[in-house]
>>> print(open('upload26.pdb').read())   # PDB, N, CA and C atoms
ATOM      1  N   MET A   1      52.242  51.222  10.545
ATOM      2  CA  MET A   1      52.180  51.039   9.110
ATOM      3  C   MET A   1      50.720  51.066   8.665
ATOM      4  N   SER A   2      50.465  51.778   7.635
ATOM      5  CA  SER A   2      49.107  51.920   7.127
ATOM      6  C   SER A   2      48.734  50.735   6.245
ATOM      7  N   ASN A   3      47.454  50.358   6.282
ATOM      8  CA  ASN A   3      46.970  49.289   5.419
ATOM      9  C   ASN A   3      46.543  49.817   4.055
ATOM     10  N   GLU A   4      46.670  51.132   3.872
ATOM     11  CA  GLU A   4      46.319  51.749   2.597
ATOM     12  C   GLU A   4      47.341  51.356   1.537
ATOM     13  N   ILE A   5      46.864  51.089   0.339
ATOM     14  CA  ILE A   5      47.756  50.785  -0.771
ATOM     15  C   ILE A   5      48.032  52.087  -1.514
ATOM     16  N   ASP A   6      49.304  52.340  -1.775
ATOM     17  CA  ASP A   6      49.709  53.512  -2.535
ATOM     18  C   ASP A   6      48.939  53.542  -3.860
ATOM     19  N   GLN A   7      48.460  54.706  -4.242
ATOM     20  CA  GLN A   7      47.628  54.829  -5.445
ATOM     21  C   GLN A   7      48.356  54.358  -6.698
ATOM     22  N   GLU A   8      49.624  54.656  -6.806
ATOM     23  CA  GLU A   8      50.387  54.232  -7.980
ATOM     24  C   GLU A   8      50.469  52.698  -8.058
ATOM     25  N   ILE A   9      50.676  52.079  -6.906
ATOM     26  CA  ILE A   9      50.720  50.613  -6.867
ATOM     27  C   ILE A   9      49.348  50.044  -7.213
ATOM     28  N   ALA A  10      48.307  50.618  -6.640
ATOM     29  CA  ALA A  10      46.945  50.151  -6.922
ATOM     30  C   ALA A  10      46.618  50.280  -8.412
ATOM     31  N   ASP A  11      47.023  51.388  -9.023
ATOM     32  CA  ASP A  11      46.784  51.579 -10.456
ATOM     33  C   ASP A  11      47.525  50.528 -11.280
ATOM     34  N   THR A  12      48.760  50.243 -10.902
ATOM     35  CA  THR A  12      49.551  49.229 -11.607
ATOM     36  C   THR A  12      48.908  47.854 -11.465
ATOM     37  N   ILE A  13      48.455  47.528 -10.266
ATOM     38  CA  ILE A  13      47.784  46.240 -10.049
ATOM     39  C   ILE A  13      46.536  46.150 -10.919
ATOM     40  N   ARG A  14      45.770  47.226 -10.978
ATOM     41  CA  ARG A  14      44.555  47.228 -11.814
ATOM     42  C   ARG A  14      44.901  47.050 -13.296
ATOM     43  N   GLU A  15      45.953  47.729 -13.760
ATOM     44  CA  GLU A  15      46.375  47.589 -15.155
ATOM     45  C   GLU A  15      46.770  46.146 -15.467
ATOM     46  N   LYS A  16      47.555  45.549 -14.584
ATOM     47  CA  LYS A  16      47.992  44.165 -14.805
ATOM     48  C   LYS A  16      46.821  43.194 -14.713
ATOM     49  N   ALA A  17      45.901  43.461 -13.812
ATOM     50  CA  ALA A  17      44.710  42.610 -13.700
ATOM     51  C   ALA A  17      43.947  42.634 -15.016
ATOM     52  N   ASP A  18      43.791  43.819 -15.576
ATOM     53  CA  ASP A  18      43.097  43.953 -16.857
ATOM     54  C   ASP A  18      43.868  43.242 -17.968
ATOM     55  N   GLU A  19      45.180  43.418 -17.973
ATOM     56  CA  GLU A  19      46.032  42.805 -18.993
ATOM     57  C   GLU A  19      45.929  41.278 -18.983
ATOM     58  N   PHE A  20      45.810  40.697 -17.792
ATOM     59  CA  PHE A  20      45.767  39.243 -17.669
ATOM     60  C   PHE A  20      44.361  38.713 -17.388
ATOM     61  N   ASP A  21      43.360  39.575 -17.534
ATOM     62  CA  ASP A  21      41.962  39.195 -17.343
ATOM     63  C   ASP A  21      41.724  38.568 -15.966
ATOM     64  N   LEU A  22      42.213  39.276 -14.950
ATOM     65  CA  LEU A  22      42.035  38.849 -13.567
ATOM     66  C   LEU A  22      41.234  39.912 -12.827
ATOM     67  N   PRO A  23      40.522  39.525 -11.769
ATOM     68  CA  PRO A  23      39.760  40.506 -11.001
ATOM     69  C   PRO A  23      40.702  41.400 -10.188
ATOM     70  N   PRO A  24      40.657  42.704 -10.398
ATOM     71  CA  PRO A  24      41.576  43.597  -9.688
ATOM     72  C   PRO A  24      41.419  43.549  -8.174
ATOM     73  N   GLU A  25      40.198  43.396  -7.680
ATOM     74  CA  GLU A  25      40.008  43.369  -6.228
ATOM     75  C   GLU A  25      40.708  42.169  -5.594
ATOM     76  N   LEU A  26      40.710  41.051  -6.290
ATOM     77  CA  LEU A  26      41.410  39.877  -5.783
ATOM     78  C   LEU A  26      42.904  40.169  -5.657
ATOM     79  N   LEU A  27      43.494  40.731  -6.703
ATOM     80  CA  LEU A  27      44.926  41.047  -6.656
ATOM     81  C   LEU A  27      45.234  42.113  -5.610
ATOM     82  N   LEU A  28      44.364  43.103  -5.474
ATOM     83  CA  LEU A  28      44.566  44.141  -4.457
ATOM     84  C   LEU A  28      44.493  43.540  -3.055
ATOM     85  N   ASN A  29      43.580  42.605  -2.844
ATOM     86  CA  ASN A  29      43.471  41.946  -1.538
ATOM     87  C   ASN A  29      44.703  41.099  -1.236
ATOM     88  N   ILE A  30      45.195  40.399  -2.255
ATOM     89  CA  ILE A  30      46.408  39.593  -2.063
ATOM     90  C   ILE A  30      47.591  40.506  -1.747
ATOM     91  N   TYR A  31      47.705  41.603  -2.466
ATOM     92  CA  TYR A  31      48.797  42.547  -2.208
ATOM     93  C   TYR A  31      48.706  43.097  -0.782
ATOM     94  N   ALA A  32      47.503  43.471  -0.366
ATOM     95  CA  ALA A  32      47.317  44.014   0.988
ATOM     96  C   ALA A  32      47.682  42.983   2.046
ATOM     97  N   ALA A  33      47.308  41.725   1.818
ATOM     98  CA  ALA A  33      47.642  40.660   2.772
ATOM     99  C   ALA A  33      49.151  40.487   2.858
ATOM    100  N   GLU A  34      49.811  40.534   1.730
ATOM    101  CA  GLU A  34      51.276  40.411   1.700
ATOM    102  C   GLU A  34      51.926  41.583   2.434
ATOM    103  N   GLN A  35      51.417  42.768   2.217
ATOM    104  CA  GLN A  35      51.982  43.961   2.873
ATOM    105  C   GLN A  35      51.881  43.873   4.394
ATOM    106  N   ARG A  36      50.807  43.267   4.881
ATOM    107  CA  ARG A  36      50.628  43.167   6.333
ATOM    108  C   ARG A  36      51.678  42.275   6.989
ATOM    109  N   VAL A  37      52.267  41.358   6.224
ATOM    110  CA  VAL A  37      53.250  40.444   6.815
ATOM    111  C   VAL A  37      54.668  40.673   6.301
ATOM    112  N   VAL A  38      54.858  41.678   5.483
ATOM    113  CA  VAL A  38      56.145  41.878   4.831
ATOM    114  C   VAL A  38      57.303  42.040   5.825
ATOM    115  N   ASN A  39      57.068  42.621   6.973
ATOM    116  CA  ASN A  39      58.134  42.836   7.940
ATOM    117  C   ASN A  39      58.165  41.794   9.050
ATOM    118  N   MET A  40      57.306  40.804   8.948
ATOM    119  CA  MET A  40      57.277  39.761   9.969
ATOM    120  C   MET A  40      58.316  38.696   9.646
ATOM    121  N   GLU A  41      58.937  38.173  10.667
ATOM    122  CA  GLU A  41      59.873  37.089  10.446
ATOM    123  C   GLU A  41      59.144  35.846   9.965
ATOM    124  N   ARG A  42      58.024  35.590  10.565
ATOM    125  CA  ARG A  42      57.269  34.389  10.223
ATOM    126  C   ARG A  42      56.158  34.747   9.251
ATOM    127  N   ARG A  43      56.280  34.310   8.020
ATOM    128  CA  ARG A  43      55.331  34.690   6.987
ATOM    129  C   ARG A  43      54.489  33.527   6.505
ATOM    130  N   SER A  44      54.563  32.397   7.153
ATOM    131  CA  SER A  44      53.864  31.211   6.658
ATOM    132  C   SER A  44      52.360  31.431   6.542
ATOM    133  N   ARG A  45      51.814  32.299   7.361
ATOM    134  CA  ARG A  45      50.364  32.521   7.310
ATOM    135  C   ARG A  45      49.920  33.191   6.021
ATOM    136  N   ILE A  46      50.821  33.867   5.315
ATOM    137  CA  ILE A  46      50.414  34.551   4.087
ATOM    138  C   ILE A  46      49.884  33.556   3.062
ATOM    139  N   TYR A  47      50.475  32.367   3.009
ATOM    140  CA  TYR A  47      50.005  31.378   2.046
ATOM    141  C   TYR A  47      48.578  30.947   2.346
ATOM    142  N   LYS A  48      48.264  30.800   3.618
ATOM    143  CA  LYS A  48      46.896  30.452   4.016
ATOM    144  C   LYS A  48      45.941  31.570   3.635
ATOM    145  N   ARG A  49      46.339  32.815   3.887
ATOM    146  CA  ARG A  49      45.466  33.949   3.583
ATOM    147  C   ARG A  49      45.249  34.092   2.075
ATOM    148  N   VAL A  50      46.298  33.926   1.284
ATOM    149  CA  VAL A  50      46.150  34.001  -0.173
ATOM    150  C   VAL A  50      45.217  32.888  -0.648
ATOM    151  N   HIS A  51      45.361  31.716  -0.103
ATOM    152  CA  HIS A  51      44.473  30.597  -0.441
ATOM    153  C   HIS A  51      43.019  30.955  -0.103
ATOM    154  N   GLU A  52      42.797  31.526   1.064
ATOM    155  CA  GLU A  52      41.443  31.923   1.466
ATOM    156  C   GLU A  52      40.874  32.968   0.510
ATOM    157  N   LEU A  53      41.691  33.954   0.124
ATOM    158  CA  LEU A  53      41.224  34.993  -0.794
ATOM    159  C   LEU A  53      40.843  34.390  -2.143
ATOM    160  N   LEU A  54      41.644  33.466  -2.634
ATOM    161  CA  LEU A  54      41.327  32.815  -3.900
ATOM    162  C   LEU A  54      40.037  32.001  -3.794
ATOM    163  N   GLU A  55      39.857  31.274  -2.697
ATOM    164  CA  GLU A  55      38.628  30.488  -2.495
ATOM    165  C   GLU A  55      37.404  31.403  -2.412
ATOM    166  N   GLU A  56      37.545  32.517  -1.686
ATOM    167  CA  GLU A  56      36.429  33.469  -1.573
ATOM    168  C   GLU A  56      36.042  34.014  -2.947
ATOM    169  N   HIS A  57      37.038  34.318  -3.757
ATOM    170  CA  HIS A  57      36.761  34.839  -5.089
ATOM    171  C   HIS A  57      36.051  33.791  -5.946
ATOM    172  N   ILE A  58      36.535  32.571  -5.904
ATOM    173  CA  ILE A  58      35.934  31.497  -6.702
ATOM    174  C   ILE A  58      34.488  31.280  -6.287
ATOM    175  N   GLU A  59      34.212  31.280  -5.002
ATOM    176  CA  GLU A  59      32.828  31.105  -4.523
ATOM    177  C   GLU A  59      31.963  32.274  -4.964
ATOM    178  N   ALA A  60      32.516  33.482  -4.965
ATOM    179  CA  ALA A  60      31.733  34.662  -5.324
ATOM    180  C   ALA A  60      31.351  34.687  -6.810
ATOM    181  N   VAL A  61      32.174  34.099  -7.655
ATOM    182  CA  VAL A  61      31.898  34.152  -9.090
ATOM    183  C   VAL A  61      31.100  32.945  -9.586
ATOM    184  N   LYS A  62      30.824  32.003  -8.704
ATOM    185  CA  LYS A  62      30.019  30.830  -9.108
ATOM    186  C   LYS A  62      28.591  31.215  -9.360
TER     187      LYS A  62
END
>>> encode(input="upload26.pdb", output="structure tokens")
Amino acid sequence: MSNEIDQEIADTIREKADEFDLPPELLLNIYAAEQRVVNMERRSRIYKRVHELLEEHIEAVK
């Protein structure tokens, strides 16, 4: 499975990020993290990764 995000999905994420005044890269990173675990039975780690991505973003914008 490729870690590449489909261009149409990426464009939609960027549009929604703009609509809700959110950083598109943050949403794209969260989407990519979710995609990496979508077929795994155990997905509990996704919550930790999303939390880390949000913390990284908050630190970067300070």
>>> atom_distance(input="upload26.pdb", atom1="atom CA of A:Ile5", atom2="atom N of A:Ala32")
7.3 Å
>>> closest_residue(input="upload26.pdb", among="A:Val38, A:Ala10, A:Lys16, A:Glu25", to="A:His57", atoms="only C-alpha atoms")
A:Glu25
>>> atom_distance(input="upload26.pdb", atom1="atom CA of A:Asp11", atom2="atom CA of A:Tyr31")
12.4 Å
>>> resolve_selection(input="upload26.pdb", expression="the PyMOL selection byres (((chain A and resi 27 and name CA) around 12) and name CA)", output="number ranges by chain")
A: 5, 9-18, 20-26, 28-34, 50, 53-54, 57
>>> select_by_dssp(input="upload26.pdb", residues="chain A", states="alpha helix (DSSP H)", output="count of residues only")
45
>>> atom_distance(input="upload26.pdb", atom1="atom CA of A:Gln35", atom2="atom CA of A:Lys62")
28.3 Å
>>> decode(input="upload26.pdb", residues="stretch 15-38 of chain A", atoms="N, CA and C atoms", output="PDB file, in the first residue's frame")
ATOM      1  N   GLU A  15      -9.299  22.041   0.697  1.00  0.00           N
ATOM      2  CA  GLU A  15     -10.491  22.890   0.633  1.00  0.00           C
ATOM      3  C   GLU A  15     -11.169  22.989   1.998  1.00  0.00           C
ATOM      4  N   LYS A  16     -11.329  21.853   2.657  1.00  0.00           N
ATOM      5  CA  LYS A  16     -11.978  21.851   3.975  1.00  0.00           C
ATOM      6  C   LYS A  16     -11.121  22.561   5.015  1.00  0.00           C
ATOM      7  N   ALA A  17      -9.819  22.397   4.920  1.00  0.00           N
ATOM      8  CA  ALA A  17      -8.918  23.096   5.844  1.00  0.00           C
ATOM      9  C   ALA A  17      -9.109  24.599   5.696  1.00  0.00           C
ATOM     10  N   ASP A  18      -9.176  25.056   4.460  1.00  0.00           N
ATOM     11  CA  ASP A  18      -9.386  26.482   4.202  1.00  0.00           C
ATOM     12  C   ASP A  18     -10.751  26.931   4.720  1.00  0.00           C
ATOM     13  N   GLU A  19     -11.767  26.118   4.469  1.00  0.00           N
ATOM     14  CA  GLU A  19     -13.129  26.440   4.896  1.00  0.00           C
ATOM     15  C   GLU A  19     -13.231  26.596   6.415  1.00  0.00           C
ATOM     16  N   PHE A  20     -12.491  25.770   7.150  1.00  0.00           N
ATOM     17  CA  PHE A  20     -12.563  25.797   8.607  1.00  0.00           C
ATOM     18  C   PHE A  20     -11.352  26.473   9.250  1.00  0.00           C
ATOM     19  N   ASP A  21     -10.545  27.144   8.435  1.00  0.00           N
ATOM     20  CA  ASP A  21      -9.375  27.876   8.916  1.00  0.00           C
ATOM     21  C   ASP A  21      -8.434  26.980   9.727  1.00  0.00           C
ATOM     22  N   LEU A  22      -8.120  25.833   9.129  1.00  0.00           N
ATOM     23  CA  LEU A  22      -7.198  24.882   9.739  1.00  0.00           C
ATOM     24  C   LEU A  22      -5.988  24.720   8.827  1.00  0.00           C
ATOM     25  N   PRO A  23      -4.837  24.350   9.388  1.00  0.00           N
ATOM     26  CA  PRO A  23      -3.652  24.147   8.560  1.00  0.00           C
ATOM     27  C   PRO A  23      -3.792  22.870   7.725  1.00  0.00           C
ATOM     28  N   PRO A  24      -3.722  22.976   6.409  1.00  0.00           N
ATOM     29  CA  PRO A  24      -3.907  21.794   5.563  1.00  0.00           C
ATOM     30  C   PRO A  24      -2.876  20.702   5.815  1.00  0.00           C
ATOM     31  N   GLU A  25      -1.636  21.072   6.099  1.00  0.00           N
ATOM     32  CA  GLU A  25      -0.613  20.047   6.323  1.00  0.00           C
ATOM     33  C   GLU A  25      -0.930  19.199   7.553  1.00  0.00           C
ATOM     34  N   LEU A  26      -1.491  19.820   8.570  1.00  0.00           N
ATOM     35  CA  LEU A  26      -1.882  19.070   9.758  1.00  0.00           C
ATOM     36  C   LEU A  26      -2.947  18.035   9.398  1.00  0.00           C
ATOM     37  N   LEU A  27      -3.974  18.459   8.674  1.00  0.00           N
ATOM     38  CA  LEU A  27      -5.034  17.523   8.285  1.00  0.00           C
ATOM     39  C   LEU A  27      -4.513  16.440   7.346  1.00  0.00           C
ATOM     40  N   LEU A  28      -3.623  16.801   6.434  1.00  0.00           N
ATOM     41  CA  LEU A  28      -3.040  15.807   5.525  1.00  0.00           C
ATOM     42  C   LEU A  28      -2.211  14.788   6.304  1.00  0.00           C
ATOM     43  N   ASN A  29      -1.481  15.244   7.309  1.00  0.00           N
ATOM     44  CA  ASN A  29      -0.689  14.327   8.136  1.00  0.00           C
ATOM     45  C   ASN A  29      -1.582  13.390   8.942  1.00  0.00           C
ATOM     46  N   ILE A  30      -2.671  13.937   9.476  1.00  0.00           N
ATOM     47  CA  ILE A  30      -3.611  13.095  10.228  1.00  0.00           C
ATOM     48  C   ILE A  30      -4.240  12.061   9.297  1.00  0.00           C
ATOM     49  N   TYR A  31      -4.627  12.484   8.113  1.00  0.00           N
ATOM     50  CA  TYR A  31      -5.215  11.549   7.148  1.00  0.00           C
ATOM     51  C   TYR A  31      -4.215  10.445   6.792  1.00  0.00           C
ATOM     52  N   ALA A  32      -2.970  10.831   6.545  1.00  0.00           N
ATOM     53  CA  ALA A  32      -1.939   9.843   6.191  1.00  0.00           C
ATOM     54  C   ALA A  32      -1.716   8.854   7.327  1.00  0.00           C
ATOM     55  N   ALA A  33      -1.715   9.348   8.565  1.00  0.00           N
ATOM     56  CA  ALA A  33      -1.535   8.462   9.722  1.00  0.00           C
ATOM     57  C   ALA A  33      -2.693   7.481   9.818  1.00  0.00           C
ATOM     58  N   GLU A  34      -3.888   7.961   9.589  1.00  0.00           N
ATOM     59  CA  GLU A  34      -5.076   7.095   9.623  1.00  0.00           C
ATOM     60  C   GLU A  34      -4.999   6.040   8.519  1.00  0.00           C
ATOM     61  N   GLN A  35      -4.582   6.444   7.347  1.00  0.00           N
ATOM     62  CA  GLN A  35      -4.484   5.502   6.218  1.00  0.00           C
ATOM     63  C   GLN A  35      -3.498   4.372   6.506  1.00  0.00           C
ATOM     64  N   ARG A  36      -2.433   4.688   7.231  1.00  0.00           N
ATOM     65  CA  ARG A  36      -1.429   3.661   7.526  1.00  0.00           C
ATOM     66  C   ARG A  36      -1.971   2.561   8.433  1.00  0.00           C
ATOM     67  N   VAL A  37      -3.010   2.863   9.209  1.00  0.00           N
ATOM     68  CA  VAL A  37      -3.542   1.856  10.133  1.00  0.00           C
ATOM     69  C   VAL A  37      -4.940   1.376   9.758  1.00  0.00           C
ATOM     70  N   VAL A  38      -5.459   1.836   8.648  1.00  0.00           N
ATOM     71  CA  VAL A  38      -6.841   1.547   8.292  1.00  0.00           C
ATOM     72  C   VAL A  38      -7.134   0.044   8.192  1.00  0.00           C
TER      73      VAL A  38
END
